[in-house]
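Asker: The following block contains the structure, expressed as structure tokens.
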Amino acid sequence: MIKRSTAYLASSLGAQLVLALLVAFVGMGLAGLWIVRTSVEPVFKELEQRSAYESVHRVMSAVQTEFNSLQLLTVDWAQWDDLANFVEFGDRRFAKSNLTPAALRKVNLTAMVAWDSQGRLVAQQNNEEPGRGQAVMDRLSGLYQSIRAVGERGCGFLKMQNNVIELCWETISPTERLDHKPGTLAFARFAGNTLWQRIASETQESIEVKPAVFRLADQSDKPRWFVSGLPLYTQQDVAYEFKPGELELTITLVDMRRIPLLDVQIHRQRDLAQEALYMMTRIFWQMLLGAVMVALFIWLLVRWRFVARISRMRKQLGRIQLGKDWGRGLQVDGTDELGRLSDHINTLLGIIHSQVRDLTSQSQTDALTALPNRRALDVYLKQEVELMRHEGSSMSLLMLDVDFFKQYNDFYGHPSGDEVLQRIGRVLAEQCRTRDLAVRMGGEEFAVLLPDTDAVGAMRVARSLCHAVEHLQVPHHFSAVSDWVTCSVGATTMQALYWNEAEFLREADQALYAAKAKGRNRCVHFKDVG
């Protein structure tokens with residue numbers, strides 16, 4: 001039988017041609033698969049890696065938010081005049097009334113310690129948590145030299161026996177005497193399972209936290225990605241490991257001496273890679289079957305309907321990747337496998353686009369007031385600077401701070417304080433022009449960017465905002481300047497020819513400090529600061 005078939009092929013030119021076409025187009029089918037893999041798979045891997053980077057930043061942003069809340073609380077107390085007087089002069093009535101376990105529990109603190117300017121311990125307190133609060137307090141009391149060596153203020157993780165704590169410290173500086181620094185204040189809270197469960201819930205990530213295993217860089221058993229923009233209390237390289245259906249990312253948290261403390265592992269399902277593999281496998285079998293059945297049709301199909309369209313898809317994906325325009329989508333005609341593949345890719349790109357958009361919105365919006373935040377100001381400022389340079393105009397910046405806001409919070413409570421901030425945020429938004437930008441910088445501090453506005457216009461807007469805030473007529477019995485909630489405003493103006501972003505912000509801050517120093521509830525322009 002085999003001999004007869006061989007003789008037939010040797011004597012039949014048609015059979016040889018058919019066999020040659022079958023071999024040729026099977027090879028072309030395999031070549032088509034190679035094109036798909038080399039063109040599309042790297043893009044999917046790049047998207048998967050970028051998505052992994054976003055997960056790392058999302059989790060670390062949530063960790064940083066926890067530190068920010070602790071740091072804001074530390075700064076708030078460190079600027080409390082009564083605390084400064086206690087540290088300097090030892091008013092025990094203040095400690096008895098305010099430095100109590102109940103006060104620490106109210107703000108979710110584990111312990112606090114205060115030193116005077118010479119590093120002598122003047123106060124320490126814990127929240128009376130059984131077995132751990134006192135231990136944390138004892139650990140903190142001997143850390144003065146260590147934290148001062150890092151800086152006058154800061155935050156970081158600290159290992160204590162089998163636990164890890166969050167620590168923030170701040171130089172005590174009363175609001176009425178900014179240049180007077182009578183001591184240092186430190187706050188601590190446990191970074192336990194509750195913290196990581198909350199972060200996992202907020203970020204919708206699968207997180208597992210383990211004690212870190214110290215290894216030298218060349219002894220690591222996992223490959224690593226360098227991820228820029230991570231906080232100082234993390235190692236900048238993130239270990240990764242591809243497992244069946246899962247990508248495991250390991251972020252190592254370190255203490256102030258850069259000693260590893262915790263490994264935060266993020267477990268991500270590899271849906272994108274599995275979908276890509278499934279689609280490429282499906283295309284392969286269809287191309288191979290078509291090559292065997294109809295050699296000539298495969299040649300036309302591969303040349304006209306597959307290779308050309310895959311090349312266009314690759315170019316479109318390349319442009320999307322370079323421009324990071326995830327919402328752009330692929331424009332691939334047809335409803336066949338490549339058309340469905342492009343639909344799946346567009347669906348995945350849409351998910352990525354939605355996540356990037358949501359993350360960008362969240363990262364640039366203040367959750368309390370719904371105003372843009374400091375990051376949004378930085379982005380918008382760069383855009384307006386380019387316009388200002390092109391038009392040769394000037395731009396002004398207002399820094400606004402609510403007067404005696406801590407006293408308001410202490411007397412009326414933080415919910416009432418939040419409501420005041422929300423009302424002030426609405427006032428700023430209503431007073432702004434379309435091109436202006438009102439932002440919440442943090443705490444009770446706001447800023448208003450005024451493009452194409454000179455110094456006279458800036459002061460006019462500043463006075464209008466001060467009047468509008470006071471016109472809200474929010475009672476404030478502990479204000480030294482009014483019966484109502486008021487604000488102080490510092491303004492600065494800069495021309496395109498002399499533009500310097502850091503100087504711009506610094507001048508606005510100095511003008512605000514001058515407004516406070518002159519009695520609050522007033523507006524001061526930097527050019528009038530002596």
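Letters A, B, ... mark the chains of the structure tokens in the order given; residue numbers begin at 1 per chain; ligand numbers begin at 1, in order shown.
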For Asn521 in chain A, please output as a list in words all residues within 8 Å (counting only C-alpha atoms; exclusion window: fewer than 6 positions along the same chain).
Answerer: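 Close residues of Asn521 in chain A: Asp403, Cys466, Val481, Thr486, Cys487, Ser488, Val489 and Ala515 of chain A.
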Asker: Considering only strand (DSSP E) as DSSP defines it on the backbone, what residues of range 462-505 of chain A qualify? List them as a list in words.
Answerer: Cys487, Ser488, Val489, Gly490, Ala491, Thr492, Thr493, Met494 and Gln495 of chain A
Asker: Using only C-alpha atoms, which of A:Ser146, A:Thr74, A:Asn346, A:Thr171 sits nearest Met256 in chain A?
Answerer: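 Looking only at the distances to Met256 in chain A, the closest residue turns out to be A:Ser146.
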Asker: To one decimal in Å, tell me the separation between CA of Gln495 in chain A and CA of Asp454 in chain A.
Answerer: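 Going from CA of Gln495 in chain A over to CA of Asp454 in chain A, I get 8.6 Å.
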Asker: Determine the nearest neighbour of Met388 in chain A from the options A:Leu232, A:Leu450, A:Leu140, A:Ala458, counting only C-alpha atoms.
Answerer: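 Answer, going by the shortest atom-to-atom distance: A:Leu450.
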Asker: Within 12 Å of Val150 in chain A, counting only C-alpha atoms, which residues qualify if same-chain residues fewer than 5 places away don't, as a list of chain:residue names?
Answerer: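 Skipping anything fewer than 5 positions along the chain leaves A:Leu143, A:Tyr144, A:Gln145, A:Cys155, A:Gly156, A:Cys168, A:Trp169, A:Glu170, A:Asp255, A:Met256, A:Arg257.
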Asker: For Val213 in chain A, which of A:Gly183, A:Pro260, A:Gly245, A:Gly339 is the closest residue, counting only C-alpha atoms?
Answerer: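 Checking each of A:Gly183, A:Pro260, A:Gly245, A:Gly339 against Val213 in chain A, counting only C-alpha atoms, the winner is A:Pro260.
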Asker: Kindly give the distance, in Å, that separates CA of Phe411 in chain A and CA of Gln79 in chain A, rounded to a single decimal.
Answerer: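 Pair CA of Phe411 in chain A / CA of Gln79 in chain A returns 16.7 Å.
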Asker: Could you pull the residues within 12 Å of Gln407 in chain A, counting only C-alpha atoms, minus those fewer than 2 positions along the same chain, as a ChimeraX atom specification?
Answerer: /A:76-77,79-82,175,402-405,409-414,416-417,476-480,485
Asker: Taking 4 positions as the minimum chain separation for residues in the same chain, which residues sit within 8 Å of Val63 in chain A when counting only C-alpha atoms? Answer as an NGL selection string.
Answerer: :A and (59 or 67 or 199)
Asker: Each residue of range 160-271 of chain A lying at most 12 Å from range 93-117 of chain A should get a row with its shortest atom-to-atom pair and the distance in Å to one decimal, counting only C-alpha atoms; could you produce that, ordered by chain and increasing number, as CSV?
Answerer:
```
residue,atom,partner,partner_atom,distance
A:Val164,CA,A:Thr110,CA,11.9
A:Ile165,CA,A:Thr110,CA,9.0
A:Glu166,CA,A:Thr110,CA,9.6
A:Leu167,CA,A:Met112,CA,9.6
A:Cys168,CA,A:Met112,CA,9.8
A:Trp169,CA,A:Val113,CA,9.3
A:Glu170,CA,A:Ala114,CA,9.8
A:Thr171,CA,A:Ser117,CA,9.1
A:Ile172,CA,A:Asp116,CA,9.0
A:Ser173,CA,A:Ser117,CA,11.1
A:His180,CA,A:Ser117,CA,10.2
A:Lys181,CA,A:Ser117,CA,7.2
A:Pro182,CA,A:Ser117,CA,5.1
A:Gly183,CA,A:Asp116,CA,4.0
A:Thr184,CA,A:Trp115,CA,5.3
A:Leu185,CA,A:Ala114,CA,4.5
A:Ala186,CA,A:Val113,CA,5.3
A:Phe187,CA,A:Met112,CA,4.6
A:Ala188,CA,A:Ala111,CA,5.4
A:Arg189,CA,A:Thr110,CA,4.6
A:Phe190,CA,A:Thr110,CA,6.7
A:Ala191,CA,A:Thr110,CA,10.3
A:Gly192,CA,A:Thr110,CA,11.8
A:Leu195,CA,A:Asn108,CA,11.7
```
Asker: Find, counting only C-alpha atoms, the residue in A:Leu512, A:Val227, A:Ala52, A:Leu72 that gets nearest to Leu247 in chain A.
Answerer: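 The answer is A:Ala52, which sits nearest to Leu247 in chain A.
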